[in-house]
Structures are given as C-alpha cells and as structure tokens.
Amino acid sequence: MNPRQHESHQDLLAHFDTEGVPGAAMDAIIVPTGRPAAYLRQAIAVAKERDVFLLLLCSLRSTASSAALEAKSAGVRALAIDIDLLNPGLVPEFATDQVLRSTRFRRQTDTSFKRNLGLLIAVLAGWKRILFLDDDIELPNPADLDVAAGLLGEYPVVGLANVGMPDNSVVCHAIRDAGQKQDTFIGGGALAVGEAAFSSFFPNIYNEDWFFLLDGMRLRPSATTGTAVQKDYDPYRDPRRARGEELGDTLAEGVFGLFDSHLGLTHADRPYWREFLADRRRIIRDTIKLVRSAPIEAGQQARMVDSLRAAIGRSELITPALCVRYLHAWQQDCVRWRQRVTDLRRDHHGGFGVEHAVEALGIPLEAQAGADVRLNPGATHRRTMLRSGARV
C-alpha cells in the first residue's frame, strides 16, 4: 500500500452517455441556497421545463418569501423554508460535530444541515428520486435529469458531470493551475439521489458530499452522466477558504485513495494517516514551489501561495489520531442517521406528500412560503397562488 493522494478518482464511477438510457421522472429538486432569489432562476427554469417540484432551503441572503415569489412568478410548484427559524434538533446531533466542536476545524456552514433536512423531507413526502442542485450550477440540458433519474434504479447516486469551473478544493485548484494533472469528481452541486441512498447523510465538513457517497465502509455504486456547469469563482480570494477545507479534503482524499487502491476503510489506521499526511504536505509544498516558478501574474501568484501556506499551516494541526477518531465518529453517525430514517419510515409509512412532511417534522408555519401551481384540466394555462407563511 502506498498512502498518497490520487490525481483522479474517475475509475470509481460508472460513466453513461445520455443517449440510449431509459429515462424516469424526478420527484423533486432540492436547492440549498444562501444567495438572493435571482440566483434561483436557473433551478426554477429547469423545474418548470421538467415539471418537477422545487424545495428551496433558504438562509443568509435568501429568504423563503423572496424565493417562493421567484418560483411563483415562473409558474413553478415550490416550497421555500427559512432555515434560521427551525429547531436545529430536526437533524440528529452527530458525533462528528462533537469531535470538532472545540477545535479550529469546526465548520460554520449550514449546507449539510440543509441537505440532510431535504433528505428527511424526501423520506416523509414519499419521494423516490431527488436532485440536489446548488444555486451556482447551471444545467444546459434539463432533459439530463430524466436520464439521471432513470439510472437511479441501478445506481443509488448519479452525478451530473461538471464542465464549468472545476469543483475542487483550493489545494487541488492550485495543483492544476500550477500545470499538474488534477481531475474532478461528482459532488452535491448536481447530484441525483435515489431512495436507496436516503439512509446516507452529509456530515458537517468540507467534502461532505464525498462522505454521502459512502455506505458505511465502502463507496455506493455511483454513476455520472449529462452535464452541469459550475459558475466561475476565485478560490484564492481569501486564505481562510483553504484553511477551512483542509481537514475535509485530507480525509476525503485519503479515503478515496484507499478505494482507488482497491482497499477499504479498515486500512485507514494511524500508520496509514501518518504516511498520507506526510505525502499531502509534500504535495502542497511542491505546489508552492511550482506556483512561484510558473508564469502566473504576480498578484494571483501571491494569493495562491498565501492560500497554500494557509492550507499547510492547518494541515500541521491534523494528526493521525484525529483522522482515526473522526472516521470512527462518522461510522457511529451513519448508524444514528439510518435509525432516524428507519424510524420515520416506520412511523409515517408510505409518505403523504410535502405538506405531510413539513407537518410531521414540526416545521413552523412562519418558516414556510409556498408557490402552489396546479394544472387545470382542459385549460391552456396554469393557475398560480403564492401563500407566504402557510403550508403548500
């Protein structure tokens, strides 16, 4: 075994062209959003074209009322929820959060909470196929959703292939920008999920979507098809980005490196992490040297080096013991989450739609805004109704 970071994990995926794959209907598109409502127009357009229900999970600069109004204006069935008004206990407290709570590795984002809440709503609503879609992702071919949904019969998760801004960590962006080979992988930005994978969850750590792809000890059967486009952004604008990503990137790359070598999590012991961490830091140091010698504009070069130095500074705080402890806690969380989903399915057998889901979870009325759009049989237009502060 050679503990190292691999430049690509694409061999772990099944690859499908969009031609010749039997399609299916997606039950819902779930968008965790923190940007103003205008950023939802792409997701809304896709939901309208494919006639799919839209669940908008809002915080920061996004509000349920503005998000629902945007959907209503386009004639799309939607429910928007203000996350900040919810009881955090809606999602189980995870052991992985406790491991990081009093450390510098604690992650102050709500993306994982939103996605996990989306999964619970999907379970209670009786949905079978959902798409997680970030608000900075465009889908040039909305019909790709039908192809991805069709593949969910065989593969619990299907990612749309990103052909836009590479979806990488800051470190991996720098490796590529310094002229080295660096691939991408499927991720939560455009991820179709079948009912079989609702028993998986998103831990609150960078690369949470890679952990979602795992089934306790191994990678779930996963596929990729179609096309998604990640909008451009500057990964080097703030060194804190690299600092915040380092633990999650290290853990995910280490775990997937084992899978690339046809090994499993039983090999992720302290000796493995000791060697992997040494190789990770070597890669970052080598990348700093490459960046400094590359024909990169001086200001950009300085920002890249600052980000890489921030990453290696945070890496020096990661110990093999922490890696082992986190993965053990994550496996406990897998059991806890599966039990939560099992209990919901037992207590609410069959599912009764999104209205039942939000009521069963105790989501307050003041946190909801709905755009209810129904086809009127025999009519040539849609009747649209917006209800803020009321269930769909």
# chains A, B, ... in the order shown; residues from 1 in each chain; ligands from 1

call {"tool": "residues_around", "arguments": {"residues": "Ala242 in chain A", "least_positions_apart": "5", "cutoff": "6 Å", "atoms": "only C-alpha atoms", "output": "ChimeraX atom specification"}}
result
/A:170,307,311

call {"tool": "write_last_selection", "arguments": {"atoms": "all heavy atoms", "output": "short mmCIF file (atom, residue, chain, number, x, y, z; two decimals), in the first residue's frame"}}
result
data_model
loop_
_atom_site.label_atom_id
_atom_site.label_comp_id
_atom_site.auth_asym_id
_atom_site.auth_seq_id
_atom_site.Cartn_x
_atom_site.Cartn_y
_atom_site.Cartn_z
N VAL A 170 -9.23 24.27 -2.80
CA VAL A 170 -8.23 25.27 -3.16
C VAL A 170 -6.90 24.60 -3.50
O VAL A 170 -6.24 24.96 -4.49
CB VAL A 170 -8.04 26.28 -2.01
CG1 VAL A 170 -6.88 27.22 -2.31
CG2 VAL A 170 -9.32 27.08 -1.78
N SER A 307 -2.77 31.10 0.05
CA SER A 307 -3.78 30.07 0.31
C SER A 307 -3.12 28.72 0.59
O SER A 307 -3.54 27.99 1.50
CB SER A 307 -4.72 29.96 -0.89
OG SER A 307 -5.54 31.11 -0.99
N ALA A 311 -3.24 26.42 3.94
CA ALA A 311 -3.62 25.00 3.95
C ALA A 311 -2.61 24.15 4.69
O ALA A 311 -2.96 23.30 5.52
CB ALA A 311 -3.78 24.50 2.51
#

call {"tool": "select_by_dssp", "arguments": {"residues": "range 219-373 of chain A", "states": "helix (DSSP H, G or I)", "output": "PyMOL selection string"}}
result
chain A and resi 239-260+265-267+270-293+298-315+320-347+354-360+365-367

call {"tool": "closest_residue", "arguments": {"among": "A:Ala298, A:Ala125, A:Ile186, A:Val324", "to": "Gly254 in chain A", "atoms": "only C-alpha atoms"}}
result
A:Val324

call {"tool": "closest_residue", "arguments": {"among": "A:Ala329, A:Leu213, A:Leu117, A:Ala310", "to": "Ala357 in chain A", "atoms": "only C-alpha atoms"}}
result
A:Leu117

call {"tool": "closest_residue", "arguments": {"among": "A:Phe185, A:Phe94, A:Tyr272, A:Phe259", "to": "Leu214 in chain A", "atoms": "only C-alpha atoms"}}
result
A:Phe259

call {"tool": "closest_residue", "arguments": {"among": "A:Ala24, A:Leu152, A:Leu251, A:Val158", "to": "Glu195 in chain A", "atoms": "only C-alpha atoms"}}
result
A:Leu152

call {"tool": "select_by_dssp", "arguments": {"residues": "range 43-269 of chain A", "states": "strand (DSSP E)", "output": "MDAnalysis selection string"}}
result
chainID A and resid 53:58 78:82 129:133 137:138 157:162 190:194 214:215 218:219 222:230

call {"tool": "residues_around", "arguments": {"residues": "Pro166 in chain A", "least_positions_apart": "3", "cutoff": "9 Å", "atoms": "only C-alpha atoms", "output": "PyMOL selection string"}}
result
chain A and resi 162-163+173+183-184+229-230+232

call {"tool": "atom_distance", "arguments": {"atom1": "CA of Glu70 in chain A", "atom2": "CA of Ala143 in chain A"}}
result
22.1 Å

call {"tool": "residues_around", "arguments": {"residues": "Arg77 in chain A", "least_positions_apart": "4", "cutoff": "8 Å", "atoms": "only C-alpha atoms", "output": "number ranges by chain"}}
result
A: 52-54, 71-72, 370-374

call {"tool": "write_last_selection", "arguments": {"atoms": "N, CA and C atoms", "output": "CSV table (one decimal), in the first residue's frame"}}
result
chain,number,residue,atom,x,y,z
A,52,VAL,N,-41.1,19.6,-12.3
A,52,VAL,CA,-40.6,19.0,-11.1
A,52,VAL,C,-40.9,19.9,-9.9
A,53,PHE,N,-41.3,19.4,-8.8
A,53,PHE,CA,-41.5,20.2,-7.6
A,53,PHE,C,-40.1,20.7,-7.1
A,54,LEU,N,-40.1,21.9,-6.5
A,54,LEU,CA,-38.9,22.6,-6.1
A,54,LEU,C,-38.9,22.9,-4.6
A,71,ALA,N,-40.3,31.7,-7.7
A,71,ALA,CA,-40.9,30.4,-8.2
A,71,ALA,C,-42.3,30.7,-8.7
A,72,LYS,N,-43.1,31.4,-8.0
A,72,LYS,CA,-44.4,31.7,-8.3
A,72,LYS,C,-44.5,32.5,-9.6
A,370,GLY,N,-45.0,29.1,0.1
A,370,GLY,CA,-45.2,28.2,-1.0
A,370,GLY,C,-45.7,28.8,-2.2
A,371,ALA,N,-45.3,28.3,-3.3
A,371,ALA,CA,-45.9,28.7,-4.6
A,371,ALA,C,-46.6,27.5,-5.1
A,372,ASP,N,-47.9,27.5,-5.1
A,372,ASP,CA,-48.7,26.3,-5.4
A,372,ASP,C,-49.2,26.5,-6.8
A,373,VAL,N,-48.7,25.6,-7.8
A,373,VAL,CA,-49.1,25.7,-9.2
A,373,VAL,C,-49.7,24.4,-9.6
A,374,ARG,N,-50.9,24.4,-10.1
A,374,ARG,CA,-51.6,23.2,-10.5
A,374,ARG,C,-52.1,23.3,-11.9

call {"tool": "atom_distance", "arguments": {"atom1": "CA of Gly118 in chain A", "atom2": "CA of Ala161 in chain A"}}
result
22.0 Å

call {"tool": "closest_atom_pairs", "arguments": {"of": "range 159-272 of chain A", "to": "range 13-22 of chain A", "cutoff": "8 Å", "atoms": "only C-alpha atoms", "output": "CSV"}}
result
residue,atom,partner,partner_atom,distance
A:Pro221,CA,A:Leu13,CA,7.6
A:Ser222,CA,A:Leu13,CA,5.5
A:Ala223,CA,A:Ala14,CA,4.4
A:Thr224,CA,A:His15,CA,5.2
A:Thr225,CA,A:Phe16,CA,5.1
A:Gly226,CA,A:Thr18,CA,5.9

call {"tool": "atom_distance", "arguments": {"atom1": "CA of Val171 in chain A", "atom2": "CA of Leu308 in chain A"}}
result
6.4 Å

call {"tool": "closest_residue", "arguments": {"among": "A:Gln182, A:Gln300, A:Thr103, A:Asn207", "to": "Ile318 in chain A", "atoms": "only C-alpha atoms"}}
result
A:Thr103

call {"tool": "closest_residue", "arguments": {"among": "A:Gly188, A:Gly257, A:Pro320, A:Gly23", "to": "Ile137 in chain A", "atoms": "only C-alpha atoms"}}
result
A:Gly188

call {"tool": "residues_around", "arguments": {"residues": "range 276-291 of chain A", "least_positions_apart": "3", "cutoff": "7 Å", "atoms": "only C-alpha atoms", "output": "MDAnalysis selection string"}}
result
chainID A and resid 3:5 175 178 254 272:273 294 301 305 308 312

call {"tool": "residues_around", "arguments": {"residues": "Leu119 in chain A", "least_positions_apart": "5", "cutoff": "10 Å", "atoms": "only C-alpha atoms", "output": "PDB file with C-alpha atoms, in the first residue's frame"}}
result
ATOM      1  CA  ILE A  30     -33.751  20.452  -3.661  1.00  0.00           C
ATOM      2  CA  PHE A 113     -27.975  20.732   7.622  1.00  0.00           C
ATOM      3  CA  LYS A 114     -29.991  21.849   4.594  1.00  0.00           C
ATOM      4  CA  LEU A 124     -41.703  11.718   4.637  1.00  0.00           C
ATOM      5  CA  ALA A 125     -43.039  13.045   1.333  1.00  0.00           C
ATOM      6  CA  TRP A 127     -40.265  10.863  -2.932  1.00  0.00           C
ATOM      7  CA  ILE A 130     -34.472  13.758  -5.963  1.00  0.00           C
ATOM      8  CA  PHE A 132     -29.632  18.238  -5.125  1.00  0.00           C
ATOM      9  CA  VAL A 193     -30.163  10.623  -5.287  1.00  0.00           C
ATOM     10  CA  GLU A 195     -34.429   6.290  -2.289  1.00  0.00           C
ATOM     11  CA  ALA A 197     -29.323   6.389  -0.601  1.00  0.00           C
ATOM     12  CA  PHE A 198     -31.659   8.346   1.699  1.00  0.00           C
ATOM     13  CA  SER A 199     -30.084   6.313   4.503  1.00  0.00           C
ATOM     14  CA  SER A 200     -26.832   8.221   3.935  1.00  0.00           C
ATOM     15  CA  PHE A 201     -26.170  11.709   5.320  1.00  0.00           C
ATOM     16  CA  PHE A 202     -23.967  14.761   4.840  1.00  0.00           C
ATOM     17  CA  VAL A 341     -34.659   7.303   8.588  1.00  0.00           C
TER      18      VAL A 341
END

call {"tool": "residues_around", "arguments": {"residues": "Arg41 in chain A", "least_positions_apart": "2", "cutoff": "10 Å", "atoms": "only C-alpha atoms", "output": "JSON list (two decimals) with N, CA, C and O atoms, in the first residue's frame"}}
result
[["chain", "number", "residue", "atom", "x", "y", "z"],
["A", 37, "ALA", "N", -32.64, 35.80, -4.41],
["A", 37, "ALA", "CA", -33.56, 34.95, -5.18],
["A", 37, "ALA", "C", -33.21, 34.88, -6.66],
["A", 37, "ALA", "O", -33.52, 33.87, -7.32],
["A", 38, "ALA", "N", -32.58, 35.91, -7.21],
["A", 38, "ALA", "CA", -32.24, 35.89, -8.63],
["A", 38, "ALA", "C", -31.34, 34.71, -8.99],
["A", 38, "ALA", "O", -31.37, 34.23, -10.12],
["A", 39, "TYR", "N", -30.56, 34.23, -8.02],
["A", 39, "TYR", "CA", -29.68, 33.09, -8.29],
["A", 39, "TYR", "C", -30.45, 31.79, -8.45],
["A", 39, "TYR", "O", -29.88, 30.78, -8.86],
["A", 43, "ALA", "N", -32.40, 27.07, -11.51],
["A", 43, "ALA", "CA", -33.09, 25.92, -10.93],
["A", 43, "ALA", "C", -34.58, 25.99, -11.22],
["A", 43, "ALA", "O", -35.22, 24.96, -11.51],
["A", 44, "ILE", "N", -35.14, 27.18, -11.15],
["A", 44, "ILE", "CA", -36.57, 27.35, -11.42],
["A", 44, "ILE", "C", -36.89, 27.02, -12.87],
["A", 44, "ILE", "O", -37.89, 26.35, -13.17],
["A", 45, "ALA", "N", -36.04, 27.46, -13.79],
["A", 45, "ALA", "CA", -36.26, 27.17, -15.21],
["A", 45, "ALA", "C", -36.22, 25.67, -15.48],
["A", 45, "ALA", "O", -37.03, 25.13, -16.24],
["A", 46, "VAL", "N", -35.27, 24.97, -14.84],
["A", 46, "VAL", "CA", -35.18, 23.52, -15.01],
["A", 46, "VAL", "C", -36.41, 22.83, -14.43],
["A", 46, "VAL", "O", -36.99, 21.93, -15.04],
["A", 47, "ALA", "N", -36.84, 23.26, -13.24],
["A", 47, "ALA", "CA", -38.03, 22.67, -12.61],
["A", 47, "ALA", "C", -39.26, 22.88, -13.47],
["A", 47, "ALA", "O", -40.12, 22.00, -13.59],
["A", 67, "ALA", "N", -37.78, 33.71, -2.31],
["A", 67, "ALA", "CA", -37.55, 32.52, -3.13],
["A", 67, "ALA", "C", -38.86, 31.99, -3.68],
["A", 67, "ALA", "O", -38.96, 31.63, -4.87],
["A", 70, "GLU", "N", -40.18, 34.19, -6.48],
["A", 70, "GLU", "CA", -39.47, 33.95, -7.74],
["A", 70, "GLU", "C", -40.03, 32.71, -8.43],
["A", 70, "GLU", "O", -40.24, 32.71, -9.66],
["A", 71, "ALA", "N", -40.29, 31.65, -7.66],
["A", 71, "ALA", "CA", -40.86, 30.43, -8.24],
["A", 71, "ALA", "C", -42.28, 30.67, -8.74],
["A", 71, "ALA", "O", -42.67, 30.19, -9.81],
["A", 74, "ALA", "N", -42.63, 32.33, -12.08],
["A", 74, "ALA", "CA", -42.32, 31.45, -13.21],
["A", 74, "ALA", "C", -43.34, 30.34, -13.37],
["A", 74, "ALA", "O", -43.27, 29.58, -14.34],
["A", 135, "ASP", "N", -27.20, 26.64, -6.07],
["A", 135, "ASP", "CA", -27.71, 27.82, -6.77],
["A", 135, "ASP", "C", -26.68, 28.49, -7.66],
["A", 135, "ASP", "O", -26.97, 29.52, -8.29],
["A", 138, "GLU", "N", -25.49, 25.60, -13.37],
["A", 138, "GLU", "CA", -26.41, 25.66, -14.50],
["A", 138, "GLU", "C", -26.49, 24.28, -15.15],
["A", 138, "GLU", "O", -25.49, 23.56, -15.21]]
